[in-house]
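Colleague: Data file structure_17.csv (CSV, C-alpha atoms) is appended below.
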chain,number,residue,atom,x,y,z
A,206,MET,CA,0.0,0.0,0.0
A,207,SER,CA,1.5,3.3,-1.1
A,208,SER,CA,1.4,6.6,0.8
A,209,PRO,CA,2.0,10.0,-0.9
A,210,LYS,CA,3.2,11.5,2.4
A,211,PHE,CA,5.6,8.7,3.0
A,212,SER,CA,7.0,9.1,-0.5
A,213,VAL,CA,7.6,12.8,0.3
A,214,TYR,CA,9.2,11.7,3.6
A,215,LEU,CA,11.6,9.4,1.8
A,216,THR,CA,12.6,12.3,-0.5
A,217,GLN,CA,13.3,14.5,2.5
A,218,LEU,CA,15.4,11.8,4.0
A,219,ALA,CA,17.4,11.3,0.8
A,220,GLN,CA,18.0,15.0,0.5
A,221,ALA,CA,19.2,15.3,4.1
A,222,LEU,CA,21.6,12.4,3.6
A,223,ARG,CA,22.8,13.7,0.2
A,224,GLU,CA,23.5,17.2,1.6
A,225,GLU,CA,24.8,15.8,5.0
A,226,LYS,CA,22.4,17.9,7.1
A,227,GLY,CA,22.6,16.4,10.5
A,228,PRO,CA,20.0,18.6,12.3
A,229,GLU,CA,17.4,18.1,9.6
A,230,LEU,CA,18.0,14.3,9.7
A,231,ALA,CA,17.5,14.5,13.5
A,232,TYR,CA,14.2,16.3,13.0
A,233,LEU,CA,13.0,13.7,10.4
A,234,LEU,CA,13.6,10.9,12.9
A,235,LYS,CA,11.8,12.5,15.9
A,236,PRO,CA,8.9,10.2,16.8
A,237,THR,CA,6.8,13.0,18.4
A,238,SER,CA,7.0,15.4,15.5
A,239,GLU,CA,3.9,16.5,13.5
A,240,HIS,CA,5.2,15.0,10.2
A,241,GLY,CA,5.3,11.6,11.9
A,242,LYS,CA,1.7,11.8,13.1
A,243,ALA,CA,0.7,12.9,9.6
A,244,LEU,CA,2.5,9.8,8.1
A,245,VAL,CA,0.6,7.4,10.4
A,246,LYS,CA,-2.7,9.1,9.5
A,247,ASP,CA,-1.9,8.8,5.8
A,248,PHE,CA,-1.6,5.0,6.1
A,249,ARG,CA,-5.1,4.9,7.6
A,250,GLY,CA,-4.2,2.6,10.4
A,251,ASN,CA,-2.9,-0.2,8.1
A,252,ILE,CA,0.7,-0.1,9.5
A,253,THR,CA,2.5,-3.4,9.7
A,254,ARG,CA,6.0,-4.5,8.7
A,255,GLN,CA,4.4,-6.4,5.8
A,256,SER,CA,2.4,-3.4,4.5
A,257,LEU,CA,5.6,-1.3,4.7
A,258,SER,CA,7.6,-3.9,2.8
A,259,TYR,CA,6.4,-2.2,-0.4
A,260,TYR,CA,9.0,0.5,0.2
A,261,GLU,CA,12.0,-1.9,0.6
A,262,GLY,CA,14.9,-0.7,-1.7
A,263,SER,CA,13.4,2.8,-2.0
A,264,LEU,CA,16.5,4.2,-0.3
A,265,GLU,CA,20.0,2.9,0.0
A,266,SER,CA,20.3,0.4,2.9
A,267,PRO,CA,19.9,0.8,5.8
A,268,TRP,CA,17.8,3.9,5.3
A,269,ASP,CA,14.8,2.1,3.7
A,270,GLU,CA,14.6,0.0,6.8
A,271,ILE,CA,15.1,3.0,9.1
A,272,ALA,CA,12.3,4.9,7.4
A,273,MET,CA,9.9,1.9,7.9
A,274,GLN,CA,11.0,1.5,11.5
A,275,TYR,CA,10.3,5.2,12.1
A,276,VAL,CA,6.7,4.7,11.0
A,277,LEU,CA,6.3,1.7,13.3
A,278,VAL,CA,7.7,3.7,16.3
A,279,VAL,CA,5.4,6.7,15.6
A,280,ASN,CA,2.4,4.4,15.3
A,281,HIS,CA,3.0,2.7,18.7
A,282,CYS,CA,3.7,6.1,20.3
A,283,GLY,CA,0.4,7.4,19.0
A,284,LYS,CA,-1.4,4.4,20.5
A,285,LYS,CA,0.4,4.8,23.8
A,286,ARG,CA,2.1,1.4,23.5
A,287,ALA,CA,5.4,2.4,25.1
A,288,THR,CA,6.9,-1.1,25.3
A,289,GLU,CA,6.3,-1.9,21.6
A,290,ALA,CA,7.5,1.6,20.6
A,291,PHE,CA,10.7,1.1,22.6
A,292,LYS,CA,11.4,-2.3,20.9
A,293,GLU,CA,11.0,-0.8,17.4
A,294,GLU,CA,13.2,2.2,18.4
A,295,CYS,CA,15.9,-0.2,19.5
A,296,THR,CA,15.9,-1.7,16.0
A,297,LEU,CA,15.9,1.8,14.4
A,298,VAL,CA,18.9,2.8,16.5
A,299,SER,CA,20.8,-0.4,15.7
A,300,LEU,CA,20.2,0.2,12.0
A,301,PHE,CA,21.3,3.8,12.3
A,302,LEU,CA,24.5,2.7,14.1
A,303,ARG,CA,25.4,0.7,11.0
A,304,PHE,CA,25.3,3.9,9.0
A,305,PHE,CA,26.9,6.0,11.7
A,306,ALA,CA,30.0,3.7,12.0
A,307,THR,CA,31.1,4.5,8.4
A,308,ASN,CA,30.4,8.2,8.4
A,309,SER,CA,31.8,11.4,10.0
A,310,GLY,CA,30.7,13.8,12.6
A,311,TRP,CA,27.9,15.4,10.5
A,312,THR,CA,25.7,12.6,11.7
A,313,LEU,CA,26.1,13.4,15.4
A,314,PRO,CA,23.0,15.6,15.7
A,315,ALA,CA,20.8,12.7,14.5
A,316,LEU,CA,22.7,10.3,16.8
A,317,PHE,CA,22.1,12.5,19.9
A,318,SER,CA,18.4,12.9,19.0
A,319,ILE,CA,17.6,9.2,18.5
A,320,LEU,CA,19.5,8.2,21.6
A,321,ARG,CA,17.5,10.7,23.7
A,322,ASP,CA,14.3,9.3,22.2
A,323,LEU,CA,15.5,5.8,23.0
A,324,ARG,CA,16.2,6.7,26.6
A,325,ASP,CA,12.8,8.5,27.0
A,326,LEU,CA,10.9,5.5,25.5
A,327,ALA,CA,12.8,3.1,27.8
A,328,PHE,CA,11.7,5.2,30.8
A,329,ASP,CA,8.1,5.1,29.5
A,330,ALA,CA,8.3,1.4,28.8
A,331,ASP,CA,9.6,0.6,32.3
A,332,LEU,CA,6.7,2.7,33.8
A,333,GLU,CA,4.2,0.8,31.7
A,334,GLY,CA,5.7,-2.4,32.9
A,335,VAL,CA,5.3,-1.3,36.6
A,336,SER,CA,1.7,-0.4,35.9
A,337,ASN,CA,1.2,-4.0,34.6
A,338,GLY,CA,2.8,-5.5,37.6
A,339,GLN,CA,6.3,-6.1,36.1
A,340,GLU,CA,8.9,-4.6,38.4
A,341,GLY,CA,12.4,-3.8,37.1
A,342,THR,CA,14.4,-1.6,34.8
A,343,ALA,CA,15.2,-4.0,31.9
A,344,ASN,CA,14.4,-1.5,29.2
A,345,MET,CA,16.7,1.2,30.6
A,346,GLU,CA,19.4,-1.4,31.1
A,347,GLU,CA,19.1,-2.4,27.4
A,348,THR,CA,19.2,1.3,26.5
A,349,ALA,CA,22.5,1.7,28.3
A,350,ARG,CA,24.0,-1.3,26.4
A,351,ILE,CA,22.9,0.2,23.0
A,352,ILE,CA,24.2,3.6,23.9
A,353,SER,CA,27.5,2.0,24.9
A,354,ARG,CA,27.8,0.7,21.3
A,355,ALA,CA,27.3,4.3,20.1
A,356,PHE,CA,30.1,5.4,22.4
A,357,SER,CA,32.4,2.8,20.9
A,358,HIS,CA,31.7,4.0,17.4
A,359,CYS,CA,32.5,7.6,18.6
A,360,VAL,CA,35.7,6.7,20.3
A,361,THR,CA,37.1,4.5,17.5
A,362,ASP,CA,36.9,7.1,14.7
A,363,ARG,CA,40.4,7.0,13.3
A,364,GLN,CA,39.7,8.1,9.7
A,365,SER,CA,37.7,11.4,9.8
A,366,PRO,CA,39.5,14.7,10.0
A,367,VAL,CA,39.7,16.1,13.5
A,368,GLN,CA,37.0,18.8,13.0
A,369,GLU,CA,34.6,16.2,11.4
A,370,SER,CA,35.4,13.4,13.8
A,371,ARG,CA,32.8,11.3,15.6
A,372,LYS,CA,34.9,11.8,18.7
A,373,TRP,CA,33.1,15.1,19.2
A,374,GLY,CA,30.1,13.1,20.4
A,375,VAL,CA,32.0,11.2,23.1
A,376,TYR,CA,31.1,13.3,26.2
A,377,TYR,CA,27.4,13.8,25.2
A,378,VAL,CA,27.0,10.0,24.7
A,379,VAL,CA,28.8,9.3,28.0
A,380,GLY,CA,26.4,11.7,29.7
A,381,LEU,CA,23.5,9.6,28.4
A,382,ILE,CA,25.1,6.4,29.5
A,383,LEU,CA,25.8,7.7,33.0
A,384,LYS,CA,22.2,8.9,33.3
A,385,CYS,CA,21.0,5.4,32.5
A,386,TYR,CA,23.3,3.9,35.0
A,387,PHE,CA,22.1,6.2,37.7
A,388,ARG,CA,18.5,5.6,36.8
A,389,VAL,CA,18.9,1.8,37.2
A,390,LYS,CA,21.3,2.2,40.2
A,391,ARG,CA,24.2,0.4,38.6
A,392,ILE,CA,26.8,3.1,39.0
A,393,SER,CA,29.6,0.6,39.4
A,394,LEU,CA,29.3,0.0,35.6
A,395,ALA,CA,30.5,3.6,35.0
A,396,LYS,CA,34.1,2.5,35.7
A,397,ASN,CA,34.3,0.7,32.3
A,398,ILE,CA,33.2,3.9,30.4
A,399,LEU,CA,35.6,6.1,32.3
A,400,ARG,CA,38.4,3.6,31.8
A,401,ALA,CA,37.8,3.7,28.1
A,402,ILE,CA,38.0,7.5,28.0
A,403,ASN,CA,41.3,7.5,29.9
A,404,ALA,CA,42.7,4.8,27.6
A,405,ASN,CA,42.1,7.0,24.5
A,406,PRO,CA,44.5,10.0,24.8
A,407,ASP,CA,43.6,11.1,21.2
A,408,ILE,CA,40.1,12.2,22.4
A,409,PRO,CA,40.1,16.1,22.4
A,410,PRO,CA,40.3,17.8,25.8
A,411,LEU,CA,37.0,18.2,27.6
A,412,SER,CA,37.4,22.0,27.5
A,413,GLN,CA,37.1,22.0,23.7
A,414,TYR,CA,33.6,20.4,23.8
A,415,PRO,CA,30.3,22.3,23.9
A,416,ARG,CA,29.7,23.7,27.4
A,417,SER,CA,26.5,21.6,27.8
A,418,HIS,CA,28.5,18.4,27.3
A,419,GLN,CA,31.1,19.6,29.8
A,420,VAL,CA,28.5,20.4,32.5
A,421,THR,CA,26.7,17.1,32.2
A,422,TYR,CA,29.9,15.1,32.3
A,423,ARG,CA,31.3,17.0,35.3
A,424,TYR,CA,28.0,16.7,37.1
A,425,TYR,CA,28.0,12.9,36.9
A,426,ILE,CA,31.8,12.6,37.7
A,427,GLY,CA,31.1,14.8,40.7
A,428,MET,CA,28.2,12.5,41.7
A,429,LEU,CA,30.3,9.4,41.4
A,430,GLY,CA,32.9,11.1,43.6
A,431,PHE,CA,30.2,12.0,46.1
A,432,LEU,CA,28.8,8.5,46.3
A,433,ASN,CA,32.3,7.0,46.5
A,434,GLU,CA,33.2,9.4,49.3
A,435,ASP,CA,35.9,11.1,47.2
A,436,PHE,CA,34.5,14.5,48.5
A,437,ALA,CA,37.4,16.7,47.3
A,438,LYS,CA,36.9,15.4,43.7
A,439,ALA,CA,33.2,15.7,44.0
A,440,GLU,CA,33.4,19.4,45.1
A,441,GLN,CA,35.8,20.3,42.4
A,442,GLU,CA,33.7,18.7,39.6
A,443,LEU,CA,30.3,20.0,40.9
A,444,THR,CA,31.7,23.5,41.4
A,445,GLN,CA,32.9,23.6,37.8
A,446,ALA,CA,29.6,22.1,36.6
A,447,PHE,CA,27.6,24.8,38.5
A,448,TYR,CA,29.7,27.8,37.3
A,449,ASN,CA,29.5,26.6,33.7
A,450,CYS,CA,25.8,25.7,33.7
A,451,TYR,CA,23.5,27.8,31.6
A,452,THR,CA,21.8,30.3,33.9
A,453,GLY,CA,18.4,29.6,32.4
A,454,ALA,CA,18.7,25.9,33.2
A,455,HIS,CA,17.2,26.3,36.7
A,456,SER,CA,16.5,22.6,37.3
A,457,ASN,CA,20.0,21.6,36.4
A,458,GLN,CA,21.5,24.3,38.7
A,459,GLU,CA,19.2,23.0,41.5
A,460,ARG,CA,20.3,19.4,40.9
A,461,ILE,CA,24.0,20.4,41.1
A,462,LEU,CA,23.5,22.6,44.2
A,463,THR,CA,21.7,19.8,46.0
A,464,TYR,CA,25.0,18.0,46.5
A,465,LEU,CA,27.4,21.0,46.2
A,466,ILE,CA,25.9,22.9,49.2
A,467,PRO,CA,26.6,20.2,51.8
A,468,LEU,CA,30.2,19.8,50.4
A,469,ARG,CA,30.8,23.5,50.7
A,470,LEU,CA,29.5,23.5,54.3
A,471,PHE,CA,32.5,21.4,55.3
A,472,ARG,CA,34.7,24.2,53.9
A,473,GLY,CA,32.8,26.8,56.0
A,474,HIS,CA,31.1,28.3,53.0
A,475,LEU,CA,27.5,28.7,53.9
A,476,PRO,CA,25.2,29.6,51.0
A,477,SER,CA,23.8,33.2,51.0
A,478,LYS,CA,20.1,33.9,51.5
A,479,GLU,CA,20.1,35.4,48.0
A,480,LEU,CA,21.3,32.1,46.5
A,481,LEU,CA,18.8,30.0,48.4
A,482,ALA,CA,15.9,32.4,47.5
A,483,ARG,CA,16.5,31.5,43.9
A,484,PHE,CA,15.9,27.8,44.7
A,485,PRO,CA,12.9,27.4,47.1
A,486,VAL,CA,13.2,23.6,47.2
A,487,LEU,CA,16.8,23.9,48.5
A,488,ASP,CA,15.9,26.8,50.8
A,489,ASP,CA,13.3,24.6,52.5
A,490,LEU,CA,15.7,21.7,52.8
A,491,TYR,CA,18.9,23.5,53.9
A,492,SER,CA,17.9,26.7,55.7
A,493,PRO,CA,17.1,24.9,59.0
A,494,PHE,CA,20.5,23.1,59.0
A,495,ILE,CA,22.4,26.4,58.1
A,496,ALA,CA,20.6,28.3,60.9
A,497,ALA,CA,21.5,25.6,63.4
A,498,ILE,CA,25.1,25.6,62.4
A,499,ARG,CA,25.3,29.4,62.7
A,500,ASN,CA,23.7,29.3,66.2
A,501,GLY,CA,25.3,26.1,67.4
A,502,ASP,CA,21.8,24.8,68.0
A,503,ILE,CA,22.2,21.1,68.3
A,504,ARG,CA,18.6,20.5,69.2
A,505,SER,CA,17.3,22.3,66.1
A,506,TYR,CA,19.9,20.4,63.9
A,507,ASP,CA,18.8,17.0,65.2
A,508,ALA,CA,15.2,17.9,64.7
A,509,SER,CA,15.9,18.8,61.1
A,510,LEU,CA,17.7,15.5,60.5
A,511,ASP,CA,14.6,13.7,61.8
A,512,ARG,CA,12.2,15.9,59.9
A,513,PHE,CA,13.9,15.4,56.5
A,514,GLU,CA,15.2,11.9,57.1
A,515,ARG,CA,13.2,10.2,54.3
A,516,ARG,CA,14.1,12.9,51.8
A,517,LEU,CA,17.8,12.9,52.7
A,518,VAL,CA,18.0,9.1,52.5
A,519,ASP,CA,16.4,9.2,49.0
A,520,LEU,CA,19.0,11.7,47.9
A,521,ASN,CA,21.9,9.8,49.5
A,522,LEU,CA,22.5,12.9,51.7
A,523,TRP,CA,21.6,11.8,55.2
A,524,LEU,CA,25.0,10.4,56.2
A,525,THR,CA,26.7,13.5,54.9
A,526,LEU,CA,24.5,15.9,56.9
A,527,ASP,CA,24.8,13.7,59.9
A,528,ARG,CA,28.6,14.1,59.7
A,529,ALA,CA,28.1,17.9,59.3
A,530,ARG,CA,26.6,17.9,62.8
A,531,GLU,CA,30.2,18.4,64.0
A,532,LEU,CA,30.0,21.9,62.5
A,533,CYS,CA,27.1,22.6,64.8
A,534,ILE,CA,29.1,21.4,67.9
A,535,ARG,CA,32.0,23.5,66.8
A,536,GLY,CA,29.7,26.6,66.6
A,537,LEU,CA,28.4,25.8,70.1
A,538,PHE,CA,31.8,25.5,71.6
A,539,ARG,CA,32.9,28.7,70.0
A,540,ARG,CA,29.9,30.5,71.5
A,541,ALA,CA,30.9,29.1,74.9
A,542,TRP,CA,34.4,30.4,74.4
A,543,ILE,CA,33.0,33.9,73.5
A,544,ALA,CA,30.8,33.7,76.6
A,545,ALA,CA,34.0,33.0,78.7
A,546,GLU,CA,35.4,36.3,77.3
A,547,LYS,CA,37.7,34.3,74.9
A,548,SER,CA,39.7,33.0,77.9
A,549,THR,CA,42.6,30.5,77.1
A,550,ARG,CA,41.5,28.3,80.0
A,551,ILE,CA,38.0,27.0,80.1
A,552,PRO,CA,36.7,24.2,82.4
A,553,VAL,CA,35.4,21.1,80.7
A,554,SER,CA,32.3,21.6,82.8
A,555,MET,CA,31.5,24.8,80.8
A,556,PHE,CA,31.4,22.9,77.5
A,557,HIS,CA,29.4,20.2,79.3
A,558,ALA,CA,26.8,22.8,80.4
A,559,ALA,CA,26.7,24.3,76.9
A,560,LEU,CA,25.9,20.8,75.4
A,561,LEU,CA,23.1,20.3,77.9
A,562,ILE,CA,21.6,23.7,77.1
A,563,ALA,CA,21.9,23.3,73.4
A,564,GLY,CA,19.9,20.1,73.4
A,565,GLU,CA,22.5,17.3,73.4
A,566,ASP,CA,21.5,14.1,75.1
A,567,LYS,CA,20.4,14.8,78.7
A,568,ASP,CA,22.4,11.9,80.0
A,569,ILE,CA,25.6,13.1,78.5
A,570,THR,CA,28.4,12.9,81.1
A,571,THR,CA,31.4,15.2,81.7
A,572,GLU,CA,33.6,12.5,80.3
A,573,GLU,CA,31.6,12.4,77.1
A,574,ALA,CA,31.8,16.2,76.8
A,575,GLU,CA,35.5,16.0,77.3
A,576,CYS,CA,35.7,13.4,74.5
A,577,LEU,CA,33.8,15.7,72.2
A,578,VAL,CA,36.2,18.6,72.9
A,579,ALA,CA,39.1,16.2,72.2
A,580,ASN,CA,37.5,15.3,68.9
A,581,MET,CA,37.1,18.9,68.0
A,582,ILE,CA,40.8,19.5,68.7
A,583,TYR,CA,41.9,16.4,66.8
A,584,LYS,CA,39.9,17.4,63.7
A,585,GLY,CA,41.3,20.9,63.7
A,586,PHE,CA,38.1,22.7,64.7
A,587,MET,CA,39.8,24.0,67.9
A,588,ARG,CA,43.5,24.7,68.7
A,589,GLY,CA,44.7,23.7,72.2
A,590,TYR,CA,44.8,20.7,74.5
A,591,ILE,CA,43.0,19.2,77.5
A,592,SER,CA,44.5,19.0,81.0
A,593,HIS,CA,42.6,15.9,82.1
A,594,GLU,CA,43.9,16.0,85.6
A,595,LYS,CA,42.6,19.6,86.1
A,596,GLN,CA,39.6,19.1,83.8
A,597,MET,CA,40.6,22.2,82.0
A,598,VAL,CA,40.7,23.0,78.2
A,599,VAL,CA,43.7,25.1,77.4
A,600,LEU,CA,43.2,27.0,74.1
A,601,ALA,CA,45.7,28.8,71.9
A,602,LYS,CA,46.0,32.5,72.4
A,603,ALA,CA,45.7,33.2,68.7
A,604,ASP,CA,43.2,31.6,66.4
A,605,ALA,CA,41.7,29.2,69.0
A,606,PHE,CA,38.9,28.4,66.6
A,607,PRO,CA,40.4,28.5,63.1
A,608,ARG,CA,38.1,29.5,60.2
A,609,LEU,CA,36.6,26.5,58.6
A,610,ALA,CA,37.7,27.7,55.2
A,611,ASP,CA,41.3,27.7,56.4
A,612,ARG,CA,41.4,24.0,57.2
A,613,PRO,CA,43.8,22.4,54.7
A,614,THR,CA,42.0,19.1,54.3
A,615,PRO,CA,38.3,19.6,55.3
A,616,PHE,CA,37.2,16.2,53.9
A,617,ALA,CA,40.1,14.1,55.2
A,618,LEU,CA,38.3,13.1,58.4
A,619,LEU,CA,35.0,12.3,56.8
A,620,GLN,CA,36.1,9.0,55.4
Before anything else, please render the file you have as structure tokens.
Modeller:
Amino acid sequence: MSSPKFSVYLTQLAQALREEKGPELAYLLKPTSEHGKALVKDFRGNITRQSLSYYEGSLESPWDEIAMQYVLVVNHCGKKRATEAFKEECTLVSLFLRFFATNSGWTLPALFSILRDLRDLAFDADLEGVSNGQEGTANMEETARIISRAFSHCVTDRQSPVQESRKWGVYYVVGLILKCYFRVKRISLAKNILRAINANPDIPPLSQYPRSHQVTYRYYIGMLGFLNEDFAKAEQELTQAFYNCYTGAHSNQERILTYLIPLRLFRGHLPSKELLARFPVLDDLYSPFIAAIRNGDIRSYDASLDRFERRLVDLNLWLTLDRARELCIRGLFRRAWIAAEKSTRIPVSMFHAALLIAGEDKDITTEEAECLVANMIYKGFMRGYISHEKQMVVLAKADAFPRLADRPTPFALLQ
């Protein structure tokens, strides 16, 4: 069965291929576009692989098959059949990769587009499976495998001139793979991709790639560092991701700051009210903790940990903010020191009383208070020593409570 609109579509595909117009090719393969819906309507519902076989050989292989697959994908999308649409899109991407492997970088816009569509359809297919009682993320895992093949084709381009190389797609594709790994909670698999990047020194420096590619890549490297407790690396990557992020990408900035703010807390850099005002969700989450740290209010800090526990656990942040409780204790001890007129000799009992007033466990003993003071000194929050015999804390005359920002290794004792 012939379709006039499909014949026009084939002509448009042929022209885009002949003129090497990557963005136009990407548009023609978009399953949610208006021209796709018009194609399906023109076939009047009679869309099967057999009915489309009429067009086999109408374009050079594999583009005749890709065109037919496109119609099948759009048809399933229109009928809200996410699982079937995903399967047909997998076939379409596999066919495209055959073409991509023998061509230069002009095809990258089309590659990026169909890989995004594949990821989105995988997400919808997994949701459809859950609604039908099928738990799991099999479709997203399959997507990660297919995108990994695209990554291999990008990395192994040895023939194209540098400016036209498929290597300029490396970091965008890696960003998609890492997003899939995080979605299915298989971040350990990221090591293979990162190892492949490090093993290919002929990949252009990250700084030469589009800024959006850099930001996405740095965000995920920062997140991997955060989850692996390499906090110095995480802070470095997330900071660069935030400062290079497009200012209009509010949700992306918020996602970065969700993990950058607690890391900066350990350096003594508390976010300003102006910054938090731009991100109400983060303001609601972090303002109670920041106020407690400023005031040395342990009771309020602990109450915030309890209040946001479920949310912090889901974000993998609970343990980090629990460790940041030490900043609150440091603030409390500093206030006690100021109350003692910045004396260099303060009884342990004074710090004990401060802990009781601030909401620490009512059963805390003087020995436990002494232990907390010793811990503060050991971790560099205070400068001095404890005379256990006289139950006296002897503080340095100068800089008894060093600025948090001046600590040389603020993350060293978090491990």
Colleague: Which of these, A:His281, A:Arg423, A:His557, A:Arg391, has the shortest distance to A:Ile252 once you count only C-alpha atoms?
Modeller: A:His281
Colleague: Hey, what's within 10 Å of A:Tyr386 if we count only C-alpha atoms and toss same-chain stuff fewer than 3 positions away? As a list in words, please?
Modeller: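 Contacts, in chain order: Met345, Glu346, Thr348, Ala349, Gly380, Leu381, Ile382, Leu383, Val389, Lys390, Arg391, Ile392, Ser393, Leu394 and Ala395 of chain A.
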Colleague: Rounded to one decimal, what separation in Å do you get between atom CA of A:Pro467 and atom CA of A:Leu526?
Modeller: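 These atoms are spaced 7.0 Å apart.
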Colleague: Would you compute the distance between atom CA of A:Phe606 and atom CA of A:Asp511? Give it in Å to one decimal.
Modeller: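 Separating atom CA of A:Phe606 from atom CA of A:Asp511 is a distance of 28.8 Å.
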Colleague: Here is a test: counting all atoms listed in the file, which residue of A:Arg539, A:His474, A:Arg460, A:Lys547 is nearest to A:Leu520?
Modeller: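 The answer is A:Arg460, which sits nearest to A:Leu520.
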Colleague: Please measure the separation of atom CA of A:Arg363 and atom CA of A:Asp407, giving the value in Å to one decimal.
Modeller: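 So the two atoms, atom CA of A:Arg363 and atom CA of A:Asp407, lie 9.5 Å apart.
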Colleague: Which polymer residues, whether protein, DNA or RNA, lie within 12 Å of the coordinate (32.9, 22.7, 25.4) when you count all atoms listed in the file? List them as a PyMOL selection string, using the chain letters and numbers from the file.
Modeller: chain A and resi 373-377+409-423+446+449-450
Colleague: Please, could you write that set of residues out with C-alpha atoms as an mmCIF file, in the coordinates of the input?
Modeller:
data_model
loop_
_atom_site.group_PDB
_atom_site.id
_atom_site.type_symbol
_atom_site.label_atom_id
_atom_site.label_comp_id
_atom_site.auth_asym_id
_atom_site.auth_seq_id
_atom_site.Cartn_x
_atom_site.Cartn_y
_atom_site.Cartn_z
ATOM 1 C CA TRP A 373 33.100 15.100 19.200
ATOM 2 C CA GLY A 374 30.100 13.100 20.400
ATOM 3 C CA VAL A 375 32.000 11.200 23.100
ATOM 4 C CA TYR A 376 31.100 13.300 26.200
ATOM 5 C CA TYR A 377 27.400 13.800 25.200
ATOM 6 C CA PRO A 409 40.100 16.100 22.400
ATOM 7 C CA PRO A 410 40.300 17.800 25.800
ATOM 8 C CA LEU A 411 37.000 18.200 27.600
ATOM 9 C CA SER A 412 37.400 22.000 27.500
ATOM 10 C CA GLN A 413 37.100 22.000 23.700
ATOM 11 C CA TYR A 414 33.600 20.400 23.800
ATOM 12 C CA PRO A 415 30.300 22.300 23.900
ATOM 13 C CA ARG A 416 29.700 23.700 27.400
ATOM 14 C CA SER A 417 26.500 21.600 27.800
ATOM 15 C CA HIS A 418 28.500 18.400 27.300
ATOM 16 C CA GLN A 419 31.100 19.600 29.800
ATOM 17 C CA VAL A 420 28.500 20.400 32.500
ATOM 18 C CA THR A 421 26.700 17.100 32.200
ATOM 19 C CA TYR A 422 29.900 15.100 32.300
ATOM 20 C CA ARG A 423 31.300 17.000 35.300
ATOM 21 C CA ALA A 446 29.600 22.100 36.600
ATOM 22 C CA ASN A 449 29.500 26.600 33.700
ATOM 23 C CA CYS A 450 25.800 25.700 33.700
#
Colleague: Taking (21.7, 20.8, 76.7) in the file's coordinates, which residues come within 12 Å, counting only C-alpha atoms, written as a ChimeraX atom specification?
Modeller: /A:501-505,534,537,555-570,574
Colleague: Neighbouring residues of A:Pro267 were defined as those with any atom within 8 Å, considering all atoms listed in the file; residues of the same chain fewer than 3 positions away were excluded. Please report them as number ranges by chain.
Modeller: A: 264, 270-271, 300-301, 303-304
Colleague: Produce a table with one row for each residue of stretch 257-365 of chain A that has an atom at most 10 Å from any atom of stretch 398-401 of chain A, each row naming the nearest atom pair and its distance in Å at one decimal; use all atoms listed in the file; arrange rows by chain and rising residue number; format as a tab-separated table.
Modeller:
residue	atom	partner	partner_atom	distance
A:Ser353	CA	A:Ile398	CA	8.1
A:Phe356	CA	A:Ile398	CA	8.7
A:Ser357	CA	A:Ala401	CA	9.0
A:Val360	CA	A:Ala401	CA	8.6
